[in-house]
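Content type mmCIF, C-alpha atoms and all ligand atoms, from the file input_11.cif:
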```cif
data_run
loop_
_atom_site.label_atom_id
_atom_site.label_comp_id
_atom_site.auth_asym_id
_atom_site.auth_seq_id
_atom_site.Cartn_x
_atom_site.Cartn_y
_atom_site.Cartn_z
CA MET A 1 -9.98 53.42 -18.90
CA THR A 2 -12.61 56.18 -18.93
CA THR A 3 -14.98 57.24 -16.19
CA ASP A 4 -18.15 56.86 -18.29
CA PHE A 5 -18.40 53.58 -16.51
CA ALA A 6 -19.41 52.95 -12.93
CA ILE A 7 -17.51 49.66 -12.94
CA GLU A 8 -14.71 48.38 -15.15
CA THR A 9 -12.73 45.22 -14.68
CA ARG A 10 -9.88 43.87 -16.80
CA GLY A 11 -8.61 40.33 -16.46
CA LEU A 12 -9.76 40.32 -12.85
CA SER A 13 -8.77 37.08 -11.16
CA LYS A 14 -8.78 35.64 -7.67
CA HIS A 15 -7.12 32.37 -6.80
CA TYR A 16 -7.00 30.75 -3.39
CA ARG A 17 -4.77 28.00 -2.17
CA VAL A 18 -6.27 25.58 0.30
CA GLY A 19 -3.57 23.12 1.32
CA ARG A 20 -2.16 21.89 -1.99
CA ARG A 21 -5.31 22.63 -3.90
CA ALA A 22 -5.60 25.78 -6.02
CA ILE A 23 -9.08 27.23 -6.15
CA ILE A 24 -9.86 29.54 -9.03
CA ALA A 25 -12.65 31.70 -7.62
CA LEU A 26 -12.52 34.13 -10.57
CA GLU A 27 -10.52 33.98 -13.79
CA GLY A 28 -9.88 36.84 -16.19
CA LEU A 29 -13.12 38.76 -15.73
CA THR A 30 -13.40 41.70 -18.12
CA LEU A 31 -16.61 43.66 -18.03
CA SER A 32 -17.95 47.17 -17.73
CA VAL A 33 -21.10 48.59 -16.22
CA ALA A 34 -22.25 51.98 -17.50
CA ARG A 35 -23.38 54.71 -15.13
CA GLY A 36 -27.08 54.40 -14.36
CA GLU A 37 -27.28 50.79 -15.50
CA VAL A 38 -28.88 47.91 -13.58
CA PHE A 39 -26.50 45.00 -14.08
CA GLY A 40 -27.18 41.44 -12.97
CA LEU A 41 -24.58 38.84 -12.09
CA LEU A 42 -25.91 35.35 -12.59
CA GLY A 43 -24.36 32.00 -11.94
CA PRO A 44 -24.68 28.79 -9.97
CA ASN A 45 -23.34 28.38 -6.43
CA GLY A 46 -19.59 28.94 -6.30
CA ALA A 47 -19.51 30.72 -9.69
CA GLY A 48 -17.53 33.72 -8.44
CA LYS A 49 -20.30 36.31 -8.02
CA SER A 50 -19.53 37.26 -4.42
CA THR A 51 -15.81 37.13 -5.19
CA THR A 52 -16.33 39.73 -7.93
CA ILE A 53 -18.26 41.93 -5.53
CA LYS A 54 -15.64 41.59 -2.77
CA LEU A 55 -12.90 42.57 -5.24
CA LEU A 56 -14.84 45.71 -6.21
CA LEU A 57 -15.08 46.66 -2.54
CA ASP A 58 -11.42 45.90 -1.70
CA LEU A 59 -12.58 43.30 0.81
CA ILE A 60 -10.17 40.91 -0.93
CA LYS A 61 -7.17 41.62 -3.19
CA PRO A 62 -6.98 40.37 -6.79
CA THR A 63 -4.44 37.73 -7.78
CA ALA A 64 -4.27 39.40 -11.21
CA GLY A 65 -6.05 42.06 -13.23
CA GLU A 66 -7.64 45.28 -12.09
CA ALA A 67 -10.96 46.85 -11.20
CA LEU A 68 -12.08 50.45 -11.23
CA VAL A 69 -15.16 51.98 -9.61
CA PHE A 70 -16.04 55.36 -11.13
CA GLY A 71 -12.49 55.40 -12.45
CA ARG A 72 -10.90 54.85 -9.04
CA SER A 73 -9.18 51.88 -7.55
CA PRO A 74 -11.23 49.97 -4.96
CA ARG A 75 -8.34 50.71 -2.58
CA ASP A 76 -9.30 54.40 -2.67
CA SER A 77 -11.45 54.90 0.45
CA GLU A 78 -12.96 58.16 -0.89
CA GLY A 79 -14.21 56.21 -3.91
CA ARG A 80 -15.73 53.55 -1.68
CA ARG A 81 -17.87 56.23 0.02
CA THR A 82 -19.97 56.35 -3.15
CA ILE A 83 -20.87 52.67 -2.80
CA GLY A 84 -23.78 51.19 -0.86
CA PHE A 85 -23.29 47.49 -0.17
CA LEU A 86 -25.57 44.69 0.93
CA PRO A 87 -23.41 41.68 1.78
CA GLU A 88 -24.37 38.06 1.21
CA ASN A 89 -24.68 37.41 4.95
CA PRO A 90 -25.26 40.79 6.58
CA ALA A 91 -24.14 40.96 10.20
CA PRO A 92 -25.19 44.30 11.73
CA TYR A 93 -24.26 44.81 15.41
CA GLU A 94 -26.81 42.65 17.10
CA TYR A 95 -26.94 44.44 20.45
CA LEU A 96 -28.10 47.68 18.83
CA THR A 97 -31.68 48.29 17.81
CA GLY A 98 -32.41 48.63 14.11
CA GLU A 99 -32.72 52.38 14.51
CA GLU A 100 -29.51 52.73 16.55
CA PHE A 101 -27.59 50.67 14.01
CA LEU A 102 -28.84 52.67 11.03
CA SER A 103 -28.14 55.95 12.86
CA LEU A 104 -24.58 54.80 13.47
CA ALA A 105 -24.21 53.83 9.80
CA ALA A 106 -25.67 57.19 8.72
CA ARG A 107 -23.27 59.17 10.92
CA LEU A 108 -20.31 57.08 9.70
CA SER A 109 -21.34 57.81 6.12
CA GLY A 110 -20.95 61.51 6.91
CA LEU A 111 -24.52 62.67 7.56
CA SER A 112 -25.11 65.23 10.33
CA ALA A 113 -27.16 64.22 13.40
CA ALA A 114 -30.25 65.98 12.02
CA GLU A 115 -29.82 64.55 8.51
CA SER A 116 -29.29 61.06 9.84
CA LYS A 117 -32.44 61.22 11.99
CA THR A 118 -34.53 62.13 8.94
CA ARG A 119 -32.83 59.64 6.64
CA VAL A 120 -33.08 56.76 9.11
CA GLY A 121 -36.76 57.54 9.81
CA GLU A 122 -37.53 57.51 6.07
CA LEU A 123 -35.63 54.29 5.46
CA LEU A 124 -37.18 52.42 8.38
CA VAL A 125 -40.59 53.14 6.88
CA ARG A 126 -39.36 52.31 3.38
CA VAL A 127 -38.12 48.85 4.36
CA GLY A 128 -41.15 48.12 6.55
CA MET A 129 -39.19 48.15 9.82
CA ALA A 130 -40.62 51.26 11.54
CA LYS A 131 -42.56 49.22 14.11
CA ALA A 132 -39.62 47.00 15.03
CA SER A 133 -37.06 49.82 15.00
CA ASN A 134 -36.64 49.82 18.80
CA ILE A 135 -36.02 46.09 19.15
CA ILE A 136 -32.43 44.85 19.31
CA ILE A 137 -31.23 43.20 16.10
CA ARG A 138 -30.45 39.91 17.91
CA ARG A 139 -34.21 39.43 18.25
CA TYR A 140 -34.93 40.01 14.57
CA SER A 141 -35.89 37.25 12.14
CA LYS A 142 -33.65 36.61 9.10
CA GLY A 143 -35.92 38.65 6.86
CA MET A 144 -35.95 41.55 9.34
CA VAL A 145 -32.13 41.60 9.43
CA GLN A 146 -32.16 41.60 5.62
CA ARG A 147 -34.51 44.59 5.57
CA ILE A 148 -32.28 46.53 7.99
CA ALA A 149 -29.27 45.60 5.86
CA LEU A 150 -31.01 46.95 2.76
CA ALA A 151 -31.60 50.23 4.56
CA TRP A 152 -27.93 50.14 5.61
CA ALA A 153 -26.87 49.88 1.96
CA LEU A 154 -29.02 52.89 1.07
CA VAL A 155 -28.28 55.12 4.04
CA GLY A 156 -25.43 57.12 2.47
CA LYS A 157 -27.37 57.83 -0.76
CA PRO A 158 -24.89 55.83 -2.84
CA SER A 159 -24.13 56.38 -6.53
CA LEU A 160 -23.39 52.67 -6.89
CA LEU A 161 -25.47 50.09 -5.11
CA ILE A 162 -24.02 46.58 -4.88
CA LEU A 163 -26.47 43.99 -3.65
CA ASP A 164 -25.39 40.39 -3.05
CA GLU A 165 -28.58 38.28 -3.09
CA PRO A 166 -30.88 41.12 -1.97
CA THR A 167 -34.00 38.96 -1.75
CA SER A 168 -32.35 36.25 0.36
CA GLY A 169 -34.61 35.31 3.27
CA LEU A 170 -37.39 37.65 2.24
CA ASP A 171 -41.07 36.76 1.88
CA VAL A 172 -43.13 37.64 -1.20
CA LEU A 173 -43.77 41.18 0.05
CA GLY A 174 -40.09 41.60 0.87
CA ARG A 175 -39.13 40.53 -2.64
CA GLN A 176 -41.57 43.02 -4.07
CA LEU A 177 -40.02 45.68 -1.83
CA VAL A 178 -36.55 44.91 -3.18
CA ARG A 179 -37.80 45.17 -6.75
CA GLU A 180 -39.43 48.52 -6.01
CA LEU A 181 -36.32 49.81 -4.25
CA ILE A 182 -34.13 48.84 -7.20
CA LEU A 183 -36.47 50.60 -9.63
CA GLU A 184 -36.66 53.72 -7.42
CA GLU A 185 -32.89 53.86 -7.12
CA ARG A 186 -32.52 53.42 -10.84
CA GLN A 187 -34.88 56.37 -11.36
CA ARG A 188 -32.59 58.45 -9.15
CA GLY A 189 -29.72 57.55 -11.48
CA THR A 190 -28.02 55.09 -9.14
CA THR A 191 -25.98 52.36 -10.83
CA ILE A 192 -26.93 48.95 -9.48
CA LEU A 193 -24.97 45.70 -9.58
CA PHE A 194 -26.73 42.77 -8.03
CA CYS A 195 -26.60 39.03 -8.01
CA SER A 196 -29.56 36.80 -7.48
CA HIS A 197 -30.72 33.25 -7.99
CA ILE A 198 -34.25 34.51 -8.64
CA ILE A 199 -34.04 34.65 -12.41
CA PRO A 200 -37.44 36.28 -13.07
CA ASP A 201 -36.29 39.20 -10.87
CA VAL A 202 -33.07 39.51 -12.84
CA GLU A 203 -34.99 39.32 -16.10
CA ARG A 204 -37.43 41.98 -14.99
CA LEU A 205 -34.97 44.42 -13.45
CA CYS A 206 -31.68 44.27 -15.32
CA ASP A 207 -30.53 46.15 -18.41
CA ARG A 208 -27.66 43.75 -18.85
CA VAL A 209 -26.52 40.53 -17.28
CA ALA A 210 -23.32 38.51 -17.06
CA LEU A 211 -23.35 34.79 -16.52
CA LEU A 212 -20.45 33.31 -14.55
CA VAL A 213 -19.77 29.59 -14.25
CA GLY A 214 -16.78 28.14 -12.38
CA GLY A 215 -15.16 31.59 -12.08
CA LYS A 216 -15.39 32.33 -15.82
CA LEU A 217 -17.57 34.73 -17.75
CA ILE A 218 -19.70 32.60 -20.07
CA LYS A 219 -22.11 35.14 -21.54
CA GLN A 220 -22.97 38.79 -21.16
CA GLY A 221 -25.33 41.12 -22.89
CA GLN A 222 -28.65 42.92 -22.81
CA VAL A 223 -31.39 40.78 -21.37
CA SER A 224 -33.57 41.41 -24.43
CA GLU A 225 -30.77 40.32 -26.80
CA LEU A 226 -29.94 37.20 -24.84
CA LEU A 227 -33.57 36.17 -24.81
CA VAL A 228 -34.32 36.47 -28.51
CA SER A 229 -31.01 35.47 -30.01
CA GLU A 230 -31.30 31.78 -29.33
CA GLY A 231 -34.23 30.41 -31.31
CA ALA A 232 -37.37 32.53 -31.58
CA LEU A 233 -40.11 29.94 -31.88
CA MET A 234 -43.88 30.23 -32.13
CA GLU A 235 -46.12 28.47 -29.65
CA ALA A 236 -49.73 27.46 -30.28
CA THR A 237 -51.95 26.22 -27.46
CA VAL A 238 -54.54 23.84 -28.86
CA GLU A 239 -57.33 21.59 -27.61
CA SER A 240 -59.66 18.86 -28.99
CA ILE A 241 -56.65 16.93 -30.26
CA THR A 242 -54.31 14.49 -28.53
CA LEU A 243 -50.61 14.82 -28.01
CA GLU A 244 -50.11 11.61 -29.95
CA ALA A 245 -52.12 12.89 -32.93
CA LEU A 246 -49.98 16.03 -33.07
CA LYS A 247 -46.76 14.04 -32.82
CA ALA A 248 -48.05 11.79 -35.63
CA LEU A 249 -48.27 14.96 -37.75
CA GLY A 250 -44.56 15.44 -37.11
CA LEU A 251 -45.07 18.36 -34.73
CA GLU A 252 -43.17 19.09 -31.53
CA ALA A 253 -45.81 19.11 -28.80
CA ARG A 254 -46.07 18.93 -25.02
CA ALA A 255 -49.04 18.50 -22.69
CA ALA A 256 -50.17 21.56 -20.72
CA GLY A 257 -53.05 20.53 -18.45
CA SER A 258 -56.02 19.59 -20.61
CA ARG A 259 -54.49 21.37 -23.61
CA VAL A 260 -51.41 20.83 -25.75
CA VAL A 261 -48.70 23.32 -26.65
CA VAL A 262 -47.15 23.00 -30.09
CA CYS A 263 -43.82 24.65 -30.88
CA PHE A 264 -42.75 25.53 -34.42
CA ASP A 265 -40.76 27.83 -36.68
CA PRO A 266 -42.68 31.14 -37.10
CA ALA A 267 -42.13 30.93 -40.89
CA LYS A 268 -44.36 27.84 -40.91
CA THR A 269 -47.28 29.35 -38.96
CA GLN A 270 -49.89 29.11 -41.74
CA GLU A 271 -48.89 25.62 -42.71
CA VAL A 272 -48.85 24.25 -39.14
CA LEU A 273 -52.17 25.86 -38.19
CA THR A 274 -53.88 24.49 -41.32
CA GLN A 275 -52.43 21.06 -40.65
CA MET A 276 -53.60 21.02 -37.00
CA MET A 277 -57.05 22.41 -37.73
CA GLY A 278 -57.44 19.90 -40.52
CA ALA A 279 -56.88 17.20 -37.89
CA GLY A 280 -59.68 18.65 -35.72
CA ALA A 281 -57.63 20.86 -33.35
CA ARG A 282 -59.09 24.05 -31.91
CA VAL A 283 -56.43 26.76 -31.62
CA CYS A 284 -56.84 28.67 -28.33
CA GLU A 285 -53.71 30.84 -28.31
CA LEU A 286 -50.82 31.75 -30.56
CA THR A 287 -47.74 33.41 -29.01
CA PRO A 288 -44.09 33.90 -29.91
CA ALA A 289 -42.19 31.74 -27.40
CA ARG A 290 -39.56 33.76 -25.51
CA TYR A 291 -36.42 32.02 -24.60
CA SER A 292 -36.41 32.46 -20.83
CA LEU A 293 -33.36 33.64 -18.96
CA GLU A 294 -33.81 30.55 -16.82
CA GLN A 295 -33.47 28.30 -19.87
CA LEU A 296 -30.47 30.30 -21.05
CA PHE A 297 -28.92 29.83 -17.61
CA VAL A 298 -29.54 26.07 -17.55
CA ASP A 299 -28.26 25.62 -21.12
CA ALA A 300 -25.15 27.71 -20.50
CA VAL A 301 -24.32 25.90 -17.27
CA THR A 302 -24.93 22.50 -18.87
CA HIS A 303 -23.01 23.14 -22.08
CA THR A 304 -20.04 25.22 -21.00
CA GLY A 305 -17.79 22.34 -20.14
CA VAL A 306 -16.52 24.53 -17.28
CA GLU A 307 -16.40 22.58 -14.09
CA GLU A 308 -19.35 23.48 -11.92
CA ARG A 309 -18.95 23.96 -8.19
CA PRO A 310 -19.38 22.95 -5.46
N1 LIG B 401 -11.66 32.51 1.34
C1 LIG B 401 -11.75 31.53 0.47
N2 LIG B 401 -10.88 30.52 0.45
C2 LIG B 401 -10.96 29.52 -0.45
N3 LIG B 401 -11.90 29.45 -1.42
C3 LIG B 401 -12.80 30.44 -1.45
C4 LIG B 401 -12.79 31.53 -0.54
N4 LIG B 401 -13.81 32.36 -0.85
C5 LIG B 401 -14.44 31.82 -1.91
N5 LIG B 401 -13.84 30.68 -2.27
C6 LIG B 401 -14.22 29.80 -3.39
O1 LIG B 401 -14.37 30.58 -4.54
C7 LIG B 401 -15.44 30.10 -5.35
C8 LIG B 401 -16.38 31.23 -5.68
O2 LIG B 401 -17.06 31.63 -4.51
P1 LIG B 401 -18.14 32.81 -4.49
O3 LIG B 401 -18.46 33.07 -3.05
O4 LIG B 401 -17.64 33.94 -5.30
O5 LIG B 401 -19.36 32.11 -5.23
P2 LIG B 401 -20.81 32.71 -5.56
O6 LIG B 401 -20.95 32.78 -7.05
O7 LIG B 401 -21.04 33.97 -4.80
O8 LIG B 401 -21.76 31.52 -5.05
P3 LIG B 401 -23.16 31.55 -4.24
O9 LIG B 401 -24.23 31.62 -5.27
O10 LIG B 401 -23.16 30.21 -3.55
O11 LIG B 401 -23.16 32.69 -3.27
C9 LIG B 401 -16.06 28.96 -4.57
O12 LIG B 401 -15.56 27.75 -5.07
C10 LIG B 401 -15.57 29.17 -3.15
O13 LIG B 401 -15.45 27.95 -2.48
MG MG B 402 -22.29 34.45 -3.28
#
```
Could you render the structure as structure tokens?
Amino acid sequence: MTTDFAIETRGLSKHYRVGRRAIIALEGLTLSVARGEVFGLLGPNGAGKSTTIKLLLDLIKPTAGEALVFGRSPRDSEGRRTIGFLPENPAPYEYLTGEEFLSLAARLSGLSAAESKTRVGELLVRVGMAKASNIIIRRYSKGMVQRIALAWALVGKPSLLILDEPTSGLDVLGRQLVRELILEERQRGTTILFCSHIIPDVERLCDRVALLVGGKLIKQGQVSELLVSEGALMEATVESITLEALKALGLEARAAGSRVVVCFDPAKTQEVLTQMMGAGARVCELTPARYSLEQLFVDAVTHTGVEERP
């Protein structure tokens, strides 16, 4: 394995045994994330996303296979220093204030007292927690804890940022903040691995994505490739014609408010437009329909045949 990659896994598997039942949390995951890439892990509940992350951080041990982070084993504590991590359910010490907690995290990550004061001050502002920095964490709302945890992940200026559901519990502004932080970090050259159920965020932010279902890798690739590969159709939004009239012409149509959207093969654009206009339709808009990542997700989960959990 080379070190051109921030993350490499080969046949990575994690099985649990609960009573007599074997639970396959992850099975034979092989993937690589290049340095500087923003990589999204997608999948329904129980797919194995957090398991993958925990294996990369040596929080759990693999049943089989191996993982490398910047060419080092996750067991190597020096290697782990390069990672900033936002857990699924962050639990910072609740009797410290936000500022005290981040200062502790900064000192533990190796910053001097002066450096940590500056860094923590900057981050509190960056995550919108400057005003609440002197309140103990026990009194924070869920979103406030999440914001402190995001700052916690960033405090040591990591080369690899691993974010497990970074927008969980955040309001619209908080979600925007996470998107901005990811883009800023990417600009700095940080590699980012994150999982999210908010597919438009994944679509907007990631260079590549992997889709896990039932512990197995179902699809991976560049977002742009995944979105065009599966049926690039043309969509025309039309009015002054009924859905029934369009269907009678043999066209695939669906209602969209007072208008109708017609979907067809781009090679037939001229023919379909002439046919519709001949029937009295007014064409308002013509756009190539993108296959959304959400649709890809639903189709993959529905058609994999892999048992979905829970
Ligand atoms: N300690 C454990 N003991 C037994 N089973 C476990 C354990 N941890 C995870 N699992 C199981 O492994 C599977 C994968 O869990 P994981 O937490 O990786 O899912 P996930 O993709 O992160 O889901 P979510 O979107 O709900 O966070 C689940 O079926 C879960 O019940
Ligand atoms: Mg999870």
Closest atom pairs, residues of chain A within 7 Å of ligand MG 402 (chain B), all atoms listed in the file, as a tab-separated table:
```
residue	atom	partner	partner_atom	distance
A:Asn45	CA	B:MG402	MG	6.9
A:Gly46	CA	B:MG402	MG	6.8
A:Lys49	CA	B:MG402	MG	5.5
A:Ser50	CA	B:MG402	MG	4.1
A:Glu88	CA	B:MG402	MG	6.1
A:Asp164	CA	B:MG402	MG	6.7
```
Q: To one decimal in Å, tell me the separation between atom CA of Ile198 of chain A and atom CA of Thr51 of chain A.
A: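 So the two atoms, atom CA of Ile198 of chain A and atom CA of Thr51 of chain A, lie 18.9 Å apart.
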Q) Which protein, DNA or RNA residues have an atom within 12 Å of ligand LIG 401 (chain B), counting all atoms listed in the file, as a ChimeraX atom specification? A) /A:13-27,41-55,59-61,87-89,163-166,168,194-198,210-217,307-310
Q: Go through A:Val223, A:Val127, A:Leu251, A:Leu286 and flag the residue nearest Gln176 of chain A, using all atoms listed in the file for the distances.
A: A:Val127
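Between atom CA of Gln295 of chain A and atom CA of Gly36 of chain A the interatomic distance comes to 27.4 Å.
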Q: Figure out the distance between atom CA of Asp299 of chain A and atom CA of Leu243 of chain A, please, to one decimal in Å.
A: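 Computing it gives 25.8 Å between the two atoms.
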Which residues come within 12 Å of Arg138 of chain A, counting all atoms listed in the file, excluding same-chain residues fewer than 5 positions away, as a PDB file with C-alpha atoms, keeping the file's coordinate frame?
```pdb
ATOM      1  CA  ALA A  91     -24.140  40.960  10.200  1.00  0.00           C
ATOM      2  CA  PRO A  92     -25.190  44.300  11.730  1.00  0.00           C
ATOM      3  CA  TYR A  93     -24.260  44.810  15.410  1.00  0.00           C
ATOM      4  CA  GLU A  94     -26.810  42.650  17.100  1.00  0.00           C
ATOM      5  CA  TYR A  95     -26.940  44.440  20.450  1.00  0.00           C
ATOM      6  CA  LEU A  96     -28.100  47.680  18.830  1.00  0.00           C
ATOM      7  CA  THR A  97     -31.680  48.290  17.810  1.00  0.00           C
ATOM      8  CA  GLY A  98     -32.410  48.630  14.110  1.00  0.00           C
ATOM      9  CA  PHE A 101     -27.590  50.670  14.010  1.00  0.00           C
ATOM     10  CA  ALA A 132     -39.620  47.000  15.030  1.00  0.00           C
ATOM     11  CA  MET A 144     -35.950  41.550   9.340  1.00  0.00           C
ATOM     12  CA  VAL A 145     -32.130  41.600   9.430  1.00  0.00           C
TER      13      VAL A 145
END
```
